[in-house]
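I have placed the structure first, in the form of structure tokens, so that the comments after it can refer back to it.
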Amino acid sequence: MTDNSADVTASGSGVQAVTDGPTVETGTGAQLPAEERAALDTVLRASSSPDDEQPYRELGLKDDEYARIKEILGRRPTDAELAMYSVMWSEHCSYKSSKVHLKYFGETTTDEMRAKMLAGIGENAGVIDIGDGWAVTFKLESHNHPSYVEPYQGAATGVGGIVRDIMAMGARPVAVADPLRFGPADAPDTKRVLPGVVAGVGGYGNCLGLPNIGGEVVFDESYAGNPLVNAMCVGVLKSEDLHLAHASGTGNKIVLFGARTGLDGIGGVSVLASETFDDSAESGTGRKKLPSVQVGDPFTEKVLIECCLELYHSGLVVGIQDLGGAGLSCATSELASAGDGGMRVDLDRVPLRATGMTPAEILSSESQERMCAVVRPSDVDDFMAVCERWDVTATVIGEVTDGENLEIYWRDELVVDVPPRTVAHQGPVYERPVQRPAEQDLISADNPNTLSRPSTPDELRAEVLRMAASPNLCSREWVTAQYDRYVRGNTVLAQPSDGGVLRIDEETGRGIAVATDCNARYTRLDPYAGAQLALAEAYRNVAVTGATPAAVTNCLNFGSPEDPGVMWQFQQAVRGLADGCAELGIPVTGGNVSFYNQTGEQPILPTPVVGVLGTIDDVTRRIPTGIGGEEGETLLLLGETREEFGGSEWARVAHDHLGGTPPQVDLAAEKLLAEVLLAGSRDGMVSAAHDLSEGGLAQALVETALIGECGARVVLPEGADPFVWLFSESAGRALVAVPRSEELRFTEMCAARGLPCAKVGVADAGSSSVDIQDVAEIPLAELREAWEGTLPALFG
Amino acid sequence: MSAKIGVITFPGTLDDVDAARAVRRAGAEAVSLWHADHDLKGVDAVVVPGGFSYGDYLRCGAIASFAPVMTEVVQAAGKGMPVLGICNGFQILCEAGLLPGALTRNSGLHFVCRDQWLKVDNTTSAWTTRYDAGAELLVPLKSGEGAYMASPEVLDELEGEGRVLFRYVEDNPNGSLRDIAGITDARGRVAGLMPHPEHAIDPLTGPTDDGLGMFLSALDALVAA
């Protein structure tokens, strides 16, 4: 095969390319110099040269996948077609290893769970009806590998991508949240990756005017060479404004708008998301590649958001699709697949910011801040006027045809002629081998209850402080202070609360709550139970704000699907999550899978991050996290405390131990707890609530006192083992503060409903310490120094 | 007839909805003004809200200060119209020459979002009459380039004429000289500050409602005029 690699030279550090070839301008009919025409791989040429060798392996396609493409087309693919198929059939875009397992989500979703879903799995993002004509859309996505290569831009464009997914549903993005996972807090490379990722999330999200209302920061050795940067976005729309990606109506125009298309991010999807990132520099079509991580411009995205919303409100959009992974390849094939006809696109019209780009490069480019709309011909002028008002570049690049194929032209030559569904939806599907690793039994047998425990009051006191200061439990203020949580003025709760709460309707006070969670140590011990515990915690974190959990999204981060042990973890986690959602009666509305998260042969801890969205009819009744809001509060521990230390934070901090079994899952108890919290919030019986998770009761007490700036006197129940009560991580529990006047009513309700409820103390506004009877009295100042000092000391 | 207060939207402005909400909460009519129009739509006062106008390209506020609407704002301010610049708006007013000094990168080099204590120094400007001298307010601060800088002569002049509106108390979050959080012009009509009073108008969504006083003060000034 000949290519024209001599025309383009990478500049090395940026996204610009220099060339001595012809300047590319918009508009069709440009004459192609004879030598370039000779090099151009057209459909005609592909038909007449069936035996030309093609670099499909370098593009990540297997032999049988390549053979399948030839079978579909009845000839070899052109260079441009090969680029499209290779990127769309990559793991990242096609879900080829996960598809057979993800089906289970659909199989376990009942009609009742589906009742409030306006759009579900398969759309850009799930949408649920929250009442009063309002709908909410939300989704989690990963940007792990780019963020390791280039922390700032990787994290920034992760935010940008998920925000465009939400916009593609016709919604106004209203909030973001970022679950982040890094190597050990004190590891040298964490000092490179974490500050860059946090600055990237803040730099991009703050500039978009989206409050950051949640997320996570977790440290673990397994993420040292493969951090996890997941991003969540929530959007709001009126139910009737829902826009699904489809291209219907012969003659309708395809409009590309937003940023120009350049050489950045070419191959980003296939290389970065499908393989590990050690030797990609010289692979590909034989040309030297530009840096694969895309570069974002949040200002362009902010303007694009406002422009899109004005276009929606003016009724000028028939269908819309964002350009993310796989760029135009994805957008055109997805739009055409979802419509009822074919599509013709003229690549010459695509506004470019680099010269000498080939059709394959234009189709694969992942330049950020671009959207693609389907517009009625009679609306094109109005559409362009709105774009002009926002200074957004917009170009008609094609139209819907009455044919069946996606036809793409370059210099008046047909370079792509494919059935769009074969690109977008009929990629390969693998039944990867699944094998429970033998070592799993050894891990389960490694009982944490044999570890030496603190027992004297002095030892317990020291342990409370050591835990509070440990990297996974300490204050996240260093991170969250770099994110704007106030913009747009609807944030009712944000960090350090368990869940973020946002007002949606200023008239009625209707709102939503979101939380994301995953304890990957639990998932390592038992992927089925671990995924359910992640679901349970996110569910509980929404419930403690006073909201009602309503829908689930996920971002499933795992190692290589080619490792049968990893596939077993994945299969188990999917089943656990789906079964758990069925039991709780809330649907999974969408999600994302990220495989190949490993360093060499060593996979990350299986990390199925679960996001739960809840609804709240009146945000003024939200439950705060800190105690001391009311005069005279009783502290009650809801739920059952057992001796459970498998995968616990205490076992890690004290013994660097990971073994045994995770805490018991009881979703019926989680549901009951949520119902009691809701009733408590509705009837004004609960003045503060904090979920118990990593670090157990001790950590919950420390946080609720520090956040509320209020002391507490704690008396553990008669005969309780203080160590177990303070540090066990039994699920299904929450610490609540109840005004003394409501105590009897509340405890009677718990008793009537069968929810264990133990009085563990009182808030004491007059005291400036947490006094745990027979254990220790620890001044708030000392606790604060421990809890707040860790991250600033590590990261400056 | 209620007073009309304009809120400008530039490409990249973020806190315009918040500023408009604060204006309405204070009892005035909020009028949106578009960056590209030479038109103040007959408003009695103007708020230049926060955000990243023009992506903060070149220098924060630099490009916005040349927008058509700013020509009108500068002219109206010259005739005594009350103008308030918040965060990026403060940067824009400095770039437009309505206020002295400049805002530079935070001394800690990070974007800082936190609830910040401020002390009221000036209670006579159009935007601060509702406060008591020495009162302490808790208002969100959220900025990456909020360090107030000016020459010693300018700082002396500001302090000598009582034109420092607010100072940071407890600790200085961004390295602003003399802890200055907000200032006013010589006539006390144009004001600028880095913290966000429009995010502190309701304890439900902000730390306090301490910020509402700035908008109520402006209404008083308009009624008195």
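Labeling convention for the structure tokens: chains A, B, ... as they appear, residues from 1 per chain, ligands from 1 in order of appearance.
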
With only C-alpha atoms counted and 8 Å as the cut-off, give the residues of chain B in contact with chain A, each with its shortest interatomic distance in Å and the pair that gives it, as JSON lines.
{"residue": "B:Pro11", "atom": "CA", "partner": "A:Val303", "partner_atom": "CA", "distance": 6.3}
{"residue": "B:Gly12", "atom": "CA", "partner": "A:Phe299", "partner_atom": "CA", "distance": 6.0}
{"residue": "B:Leu14", "atom": "CA", "partner": "A:Gly209", "partner_atom": "CA", "distance": 5.1}
{"residue": "B:Asp15", "atom": "CA", "partner": "A:Val487", "partner_atom": "CA", "distance": 6.1}
{"residue": "B:Val17", "atom": "CA", "partner": "A:Arg488", "partner_atom": "CA", "distance": 6.2}
{"residue": "B:Asp18", "atom": "CA", "partner": "A:Arg488", "partner_atom": "CA", "distance": 5.6}
{"residue": "B:Gly51", "atom": "CA", "partner": "A:Cys207", "partner_atom": "CA", "distance": 7.0}
{"residue": "B:Phe52", "atom": "CA", "partner": "A:Cys207", "partner_atom": "CA", "distance": 6.1}
{"residue": "B:Tyr54", "atom": "CA", "partner": "A:Phe299", "partner_atom": "CA", "distance": 6.8}
{"residue": "B:Gly55", "atom": "CA", "partner": "A:Phe299", "partner_atom": "CA", "distance": 4.8}
{"residue": "B:His110", "atom": "CA", "partner": "A:Gln482", "partner_atom": "CA", "distance": 6.7}
{"residue": "B:Phe111", "atom": "CA", "partner": "A:Gln482", "partner_atom": "CA", "distance": 5.0}
{"residue": "B:Val112", "atom": "CA", "partner": "A:Gln482", "partner_atom": "CA", "distance": 5.3}
{"residue": "B:Cys113", "atom": "CA", "partner": "A:Ala481", "partner_atom": "CA", "distance": 4.7}
{"residue": "B:Arg114", "atom": "CA", "partner": "A:Ala481", "partner_atom": "CA", "distance": 6.2}
{"residue": "B:Pro140", "atom": "CA", "partner": "A:Tyr486", "partner_atom": "CA", "distance": 7.9}
{"residue": "B:Lys142", "atom": "CA", "partner": "A:Asp484", "partner_atom": "CA", "distance": 6.4}
{"residue": "B:His199", "atom": "CA", "partner": "A:Gly489", "partner_atom": "CA", "distance": 6.2}
{"residue": "B:Leu204", "atom": "CA", "partner": "A:Val492", "partner_atom": "CA", "distance": 5.9}
{"residue": "B:Thr205", "atom": "CA", "partner": "A:Val492", "partner_atom": "CA", "distance": 4.9}
{"residue": "B:Gly206", "atom": "CA", "partner": "A:Tyr486", "partner_atom": "CA", "distance": 7.4}

Resulting file, chosen residues, C-alpha atoms, as a PDB file, in the first residue's frame:
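To be explicit, this is the file written out as part21.pdb:
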ATOM      1  CA  PRO B  11     -19.088  34.560  25.781  1.00  0.00           C
ATOM      2  CA  GLY B  12     -17.759  32.542  28.726  1.00  0.00           C
ATOM      3  CA  LEU B  14     -20.864  31.920  34.068  1.00  0.00           C
ATOM      4  CA  ASP B  15     -22.419  33.684  37.029  1.00  0.00           C
ATOM      5  CA  VAL B  17     -27.872  33.739  36.248  1.00  0.00           C
ATOM      6  CA  ASP B  18     -26.705  34.082  39.844  1.00  0.00           C
ATOM      7  CA  GLY B  51     -16.852  33.661  34.762  1.00  0.00           C
ATOM      8  CA  PHE B  52     -14.171  33.264  32.142  1.00  0.00           C
ATOM      9  CA  TYR B  54     -13.469  34.986  26.211  1.00  0.00           C
ATOM     10  CA  GLY B  55     -11.850  32.035  27.967  1.00  0.00           C
ATOM     11  CA  HIS B 110      -4.282  26.860  42.702  1.00  0.00           C
ATOM     12  CA  PHE B 111      -7.862  27.810  41.967  1.00  0.00           C
ATOM     13  CA  VAL B 112      -9.462  28.409  45.371  1.00  0.00           C
ATOM     14  CA  CYS B 113     -13.153  27.761  46.076  1.00  0.00           C
ATOM     15  CA  ARG B 114     -14.117  28.337  49.700  1.00  0.00           C
ATOM     16  CA  PRO B 140     -17.906  32.316  48.664  1.00  0.00           C
ATOM     17  CA  LYS B 142     -13.786  31.089  43.782  1.00  0.00           C
ATOM     18  CA  HIS B 199     -23.699  33.317  45.764  1.00  0.00           C
ATOM     19  CA  LEU B 204     -29.974  27.103  51.291  1.00  0.00           C
ATOM     20  CA  THR B 205     -27.533  27.506  48.409  1.00  0.00           C
ATOM     21  CA  GLY B 206     -24.761  29.596  49.945  1.00  0.00           C
TER      22      GLY B 206
END

query = What lies within 12 Å of Arg745 (chain A) using only C-alpha atoms, ignoring chain neighbours under 2 positions off, as a list in words?
reply =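 The filter keeps Val676, Ala679, Gly680, Asp683, Gly684, Met685, Val686, Val738, Pro739, Arg740, Ser741, Glu742, Glu743, Thr747, Glu748, Met749, Cys750, Ala751 and Ala752 of chain A.
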
7 Å contact set for region 577-594 of chain A, only C-alpha atoms, chain neighbours under 6 positions out, as a PDB file with N, CA and C atoms, in the first residue's frame:
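In the end it all went to out-v7.pdb:
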ATOM      1  N   HIS A  92     -13.135  -0.048  23.176  1.00  0.00           N
ATOM      2  CA  HIS A  92     -13.717   1.159  23.759  1.00  0.00           C
ATOM      3  C   HIS A  92     -15.063   1.492  23.112  1.00  0.00           C
ATOM      4  N   TYR A 104     -27.108  -8.704  30.477  1.00  0.00           N
ATOM      5  CA  TYR A 104     -27.764  -9.108  31.724  1.00  0.00           C
ATOM      6  C   TYR A 104     -28.492  -7.939  32.386  1.00  0.00           C
ATOM      7  N   PHE A 105     -27.983  -6.735  32.187  1.00  0.00           N
ATOM      8  CA  PHE A 105     -28.682  -5.570  32.752  1.00  0.00           C
ATOM      9  C   PHE A 105     -30.094  -5.476  32.185  1.00  0.00           C
ATOM     10  N   THR A 108     -32.515  -8.191  33.463  1.00  0.00           N
ATOM     11  CA  THR A 108     -32.964  -8.114  34.853  1.00  0.00           C
ATOM     12  C   THR A 108     -33.796  -6.862  35.143  1.00  0.00           C
ATOM     13  N   THR A 109     -33.998  -6.036  34.114  1.00  0.00           N
ATOM     14  CA  THR A 109     -34.792  -4.817  34.319  1.00  0.00           C
ATOM     15  C   THR A 109     -36.265  -5.123  34.076  1.00  0.00           C
ATOM     16  N   MET A 113     -39.405  -1.221  36.819  1.00  0.00           N
ATOM     17  CA  MET A 113     -38.178  -0.418  36.903  1.00  0.00           C
ATOM     18  C   MET A 113     -38.049   0.515  35.702  1.00  0.00           C
ATOM     19  N   ARG A 114     -38.578   0.036  34.563  1.00  0.00           N
ATOM     20  CA  ARG A 114     -38.442   0.790  33.322  1.00  0.00           C
ATOM     21  C   ARG A 114     -39.433   1.952  33.235  1.00  0.00           C
ATOM     22  N   GLY A 120     -32.653   4.701  27.718  1.00  0.00           N
ATOM     23  CA  GLY A 120     -31.820   3.808  28.522  1.00  0.00           C
ATOM     24  C   GLY A 120     -30.538   3.431  27.838  1.00  0.00           C
ATOM     25  N   ILE A 121     -30.041   2.252  28.163  1.00  0.00           N
ATOM     26  CA  ILE A 121     -28.757   1.791  27.644  1.00  0.00           C
ATOM     27  C   ILE A 121     -28.768   1.825  26.123  1.00  0.00           C
ATOM     28  N   ALA A 125     -26.885   8.819  26.848  1.00  0.00           N
ATOM     29  CA  ALA A 125     -26.990   8.793  28.298  1.00  0.00           C
ATOM     30  C   ALA A 125     -28.422   8.425  28.646  1.00  0.00           C
ATOM     31  N   GLY A 126     -28.619   7.811  29.807  1.00  0.00           N
ATOM     32  CA  GLY A 126     -29.964   7.443  30.235  1.00  0.00           C
ATOM     33  C   GLY A 126     -30.736   8.667  30.693  1.00  0.00           C
ATOM     34  N   LYS A 139     -24.644  10.317  33.419  1.00  0.00           N
ATOM     35  CA  LYS A 139     -23.772   9.265  32.922  1.00  0.00           C
ATOM     36  C   LYS A 139     -22.374   9.418  33.496  1.00  0.00           C
ATOM     37  N   LEU A 140     -21.733   8.274  33.629  1.00  0.00           N
ATOM     38  CA  LEU A 140     -20.340   8.212  34.088  1.00  0.00           C
ATOM     39  C   LEU A 140     -19.494   7.695  32.935  1.00  0.00           C
ATOM     40  N   GLU A 141     -18.289   8.211  32.808  1.00  0.00           N
ATOM     41  CA  GLU A 141     -17.414   7.718  31.754  1.00  0.00           C
ATOM     42  C   GLU A 141     -15.968   7.755  32.233  1.00  0.00           C
ATOM     43  N   SER A 142     -15.149   6.924  31.617  1.00  0.00           N
ATOM     44  CA  SER A 142     -13.745   6.865  32.031  1.00  0.00           C
ATOM     45  C   SER A 142     -12.862   7.643  31.075  1.00  0.00           C
ATOM     46  N   ALA A 531     -19.613  -5.422  44.061  1.00  0.00           N
ATOM     47  CA  ALA A 531     -20.406  -4.529  43.203  1.00  0.00           C
ATOM     48  C   ALA A 531     -21.704  -4.148  43.907  1.00  0.00           C
ATOM     49  N   GLN A 532     -22.279  -5.111  44.623  1.00  0.00           N
ATOM     50  CA  GLN A 532     -23.515  -4.792  45.359  1.00  0.00           C
ATOM     51  C   GLN A 532     -23.245  -3.823  46.505  1.00  0.00           C
ATOM     52  N   LEU A 535     -23.023  -0.415  45.010  1.00  0.00           N
ATOM     53  CA  LEU A 535     -24.395   0.051  44.766  1.00  0.00           C
ATOM     54  C   LEU A 535     -25.053   0.481  46.076  1.00  0.00           C
ATOM     55  N   ALA A 550     -33.333   6.671  42.597  1.00  0.00           N
ATOM     56  CA  ALA A 550     -34.240   6.431  41.473  1.00  0.00           C
ATOM     57  C   ALA A 550     -33.587   5.727  40.285  1.00  0.00           C
ATOM     58  N   ALA A 551     -32.301   5.881  40.079  1.00  0.00           N
ATOM     59  CA  ALA A 551     -31.684   5.292  38.884  1.00  0.00           C
ATOM     60  C   ALA A 551     -30.183   5.131  39.105  1.00  0.00           C
ATOM     61  N   VAL A 552     -29.595   4.268  38.270  1.00  0.00           N
ATOM     62  CA  VAL A 552     -28.191   3.889  38.462  1.00  0.00           C
ATOM     63  C   VAL A 552     -27.425   4.036  37.157  1.00  0.00           C
ATOM     64  N   THR A 553     -26.201   4.523  37.245  1.00  0.00           N
ATOM     65  CA  THR A 553     -25.280   4.458  36.115  1.00  0.00           C
ATOM     66  C   THR A 553     -23.995   3.834  36.641  1.00  0.00           C
ATOM     67  N   ASN A 554     -23.074   3.502  35.743  1.00  0.00           N
ATOM     68  CA  ASN A 554     -21.859   2.868  36.238  1.00  0.00           C
ATOM     69  C   ASN A 554     -20.694   3.116  35.307  1.00  0.00           C
ATOM     70  N   CYS A 555     -19.509   2.931  35.839  1.00  0.00           N
ATOM     71  CA  CYS A 555     -18.291   2.973  35.038  1.00  0.00           C
ATOM     72  C   CYS A 555     -17.462   1.788  35.517  1.00  0.00           C
ATOM     73  N   LEU A 556     -17.408   0.754  34.695  1.00  0.00           N
ATOM     74  CA  LEU A 556     -16.813  -0.510  35.113  1.00  0.00           C
ATOM     75  C   LEU A 556     -15.346  -0.548  34.693  1.00  0.00           C
ATOM     76  N   ASN A 557     -14.458  -0.302  35.639  1.00  0.00           N
ATOM     77  CA  ASN A 557     -13.019  -0.253  35.355  1.00  0.00           C
ATOM     78  C   ASN A 557     -12.379  -1.583  35.740  1.00  0.00           C
ATOM     79  N   PHE A 558     -11.826  -2.271  34.746  1.00  0.00           N
ATOM     80  CA  PHE A 558     -11.224  -3.578  34.996  1.00  0.00           C
ATOM     81  C   PHE A 558      -9.918  -3.712  34.227  1.00  0.00           C
ATOM     82  N   LEU A 667     -29.589  -6.016  50.981  1.00  0.00           N
ATOM     83  CA  LEU A 667     -30.215  -4.908  50.256  1.00  0.00           C
ATOM     84  C   LEU A 667     -31.600  -4.582  50.798  1.00  0.00           C
ATOM     85  N   LYS A 671     -32.739  -0.830  51.820  1.00  0.00           N
ATOM     86  CA  LYS A 671     -33.992  -0.221  51.375  1.00  0.00           C
ATOM     87  C   LYS A 671     -34.780   0.325  52.572  1.00  0.00           C
TER      88      LYS A 671
END

inquiry  = Residues of chain B classed as strand (DSSP E) by DSSP on the backbone are to be reported as a ChimeraX atom specification.
reply    = /B:4-9,29-34,45-48,83-86,102-104,112-120,136-143,147-149,164-168,180-184,190-193

request  = Name the residues in contact with Leu84 (chain B) at a cut-off of 9 Å, using only C-alpha atoms, excluding same-chain residues fewer than 6 positions from it; report them as a PyMOL selection string.
outcome  = chain B and resi 45-49+90+93+127+189-193

Mind writing the picked residues with C-alpha atoms as a PDB file, in the first residue's frame?
ATOM      1  CA  ALA B  45     -27.155  50.147  37.308  1.00  0.00           C
ATOM      2  CA  VAL B  46     -24.994  47.375  35.874  1.00  0.00           C
ATOM      3  CA  VAL B  47     -23.489  44.173  37.252  1.00  0.00           C
ATOM      4  CA  VAL B  48     -20.517  42.678  35.407  1.00  0.00           C
ATOM      5  CA  PRO B  49     -20.669  39.072  36.598  1.00  0.00           C
ATOM      6  CA  PHE B  90     -13.763  43.037  38.797  1.00  0.00           C
ATOM      7  CA  LEU B  93     -13.442  46.825  35.361  1.00  0.00           C
ATOM      8  CA  TRP B 127     -22.871  49.128  47.006  1.00  0.00           C
ATOM      9  CA  ARG B 189     -20.213  54.403  42.473  1.00  0.00           C
ATOM     10  CA  VAL B 190     -18.109  51.757  40.707  1.00  0.00           C
ATOM     11  CA  ALA B 191     -17.205  48.773  42.854  1.00  0.00           C
ATOM     12  CA  GLY B 192     -15.271  45.567  42.266  1.00  0.00           C
ATOM     13  CA  LEU B 193     -14.538  42.539  44.425  1.00  0.00           C
TER      14      LEU B 193
END

query = Nearest to Ala200 (chain B): which of B:Val223, B:Leu165, B:Val120, B:Leu138 is it, counting only C-alpha atoms?
reply = B:Leu138

message = For region 145-150 of chain B, find every residue with an atom within 7 Å (counting only C-alpha atoms), except residues of its own chain fewer than 6 positions away, and show them as a ChimeraX atom specification.
response = /B:101-106,174-177,180,194

task = Rank nothing, just name the residue among B:Ser217, B:Ser65, B:Thr129, B:Thr184 nearest to Ser53 (chain B), using only C-alpha atoms.
result = B:Ser65

request  = For Ala64 (chain B), list every protein, DNA or RNA residue within 12 Å, evaluated using only C-alpha atoms, and leave out those in the same chain fewer than 2 positions away; present the list as an MDAnalysis selection string.
outcome  = chainID B and resid 8:13 34:36 48:62 66:71 73 88:96

I need the chosen residues saved as an mmCIF file, in the first residue's frame, with C-alpha atoms.
data_model
loop_
_atom_site.group_PDB
_atom_site.id
_atom_site.type_symbol
_atom_site.label_atom_id
_atom_site.label_comp_id
_atom_site.auth_asym_id
_atom_site.auth_seq_id
_atom_site.Cartn_x
_atom_site.Cartn_y
_atom_site.Cartn_z
ATOM 1 C CA ILE B 8 -23.928 41.517 31.167
ATOM 2 C CA THR B 9 -23.310 38.216 29.392
ATOM 3 C CA PHE B 10 -20.038 37.805 27.517
ATOM 4 C CA PRO B 11 -19.088 34.560 25.781
ATOM 5 C CA GLY B 12 -17.759 32.542 28.726
ATOM 6 C CA THR B 13 -19.666 34.407 31.441
ATOM 7 C CA TRP B 34 -25.400 41.232 25.546
ATOM 8 C CA HIS B 35 -21.679 41.846 25.073
ATOM 9 C CA ALA B 36 -21.999 42.676 21.382
ATOM 10 C CA VAL B 48 -20.517 42.678 35.407
ATOM 11 C CA PRO B 49 -20.669 39.072 36.598
ATOM 12 C CA GLY B 50 -18.062 36.372 37.080
ATOM 13 C CA GLY B 51 -16.852 33.661 34.762
ATOM 14 C CA PHE B 52 -14.171 33.264 32.142
ATOM 15 C CA SER B 53 -15.099 35.880 29.532
ATOM 16 C CA TYR B 54 -13.469 34.986 26.211
ATOM 17 C CA GLY B 55 -11.850 32.035 27.967
ATOM 18 C CA ASP B 56 -9.588 34.426 29.901
ATOM 19 C CA TYR B 57 -7.438 34.453 26.782
ATOM 20 C CA LEU B 58 -4.645 37.017 26.663
ATOM 21 C CA ARG B 59 -5.282 38.091 30.270
ATOM 22 C CA CYS B 60 -8.326 37.841 32.522
ATOM 23 C CA GLY B 61 -10.845 40.494 31.509
ATOM 24 C CA ALA B 62 -8.598 41.998 28.846
ATOM 25 C CA PHE B 66 -13.053 46.045 24.650
ATOM 26 C CA ALA B 67 -16.542 44.600 24.049
ATOM 27 C CA PRO B 68 -19.097 47.033 22.594
ATOM 28 C CA VAL B 69 -21.247 46.941 25.743
ATOM 29 C CA MET B 70 -18.278 48.015 27.861
ATOM 30 C CA THR B 71 -17.966 51.262 25.899
ATOM 31 C CA VAL B 73 -20.702 50.956 30.672
ATOM 32 C CA ASN B 88 -14.071 38.229 36.415
ATOM 33 C CA GLY B 89 -16.218 41.386 36.387
ATOM 34 C CA PHE B 90 -13.763 43.037 38.797
ATOM 35 C CA GLN B 91 -10.937 42.032 36.469
ATOM 36 C CA ILE B 92 -12.831 43.519 33.532
ATOM 37 C CA LEU B 93 -13.442 46.825 35.361
ATOM 38 C CA CYS B 94 -9.721 47.055 36.162
ATOM 39 C CA GLU B 95 -8.829 46.324 32.530
ATOM 40 C CA ALA B 96 -11.372 48.927 31.384
#
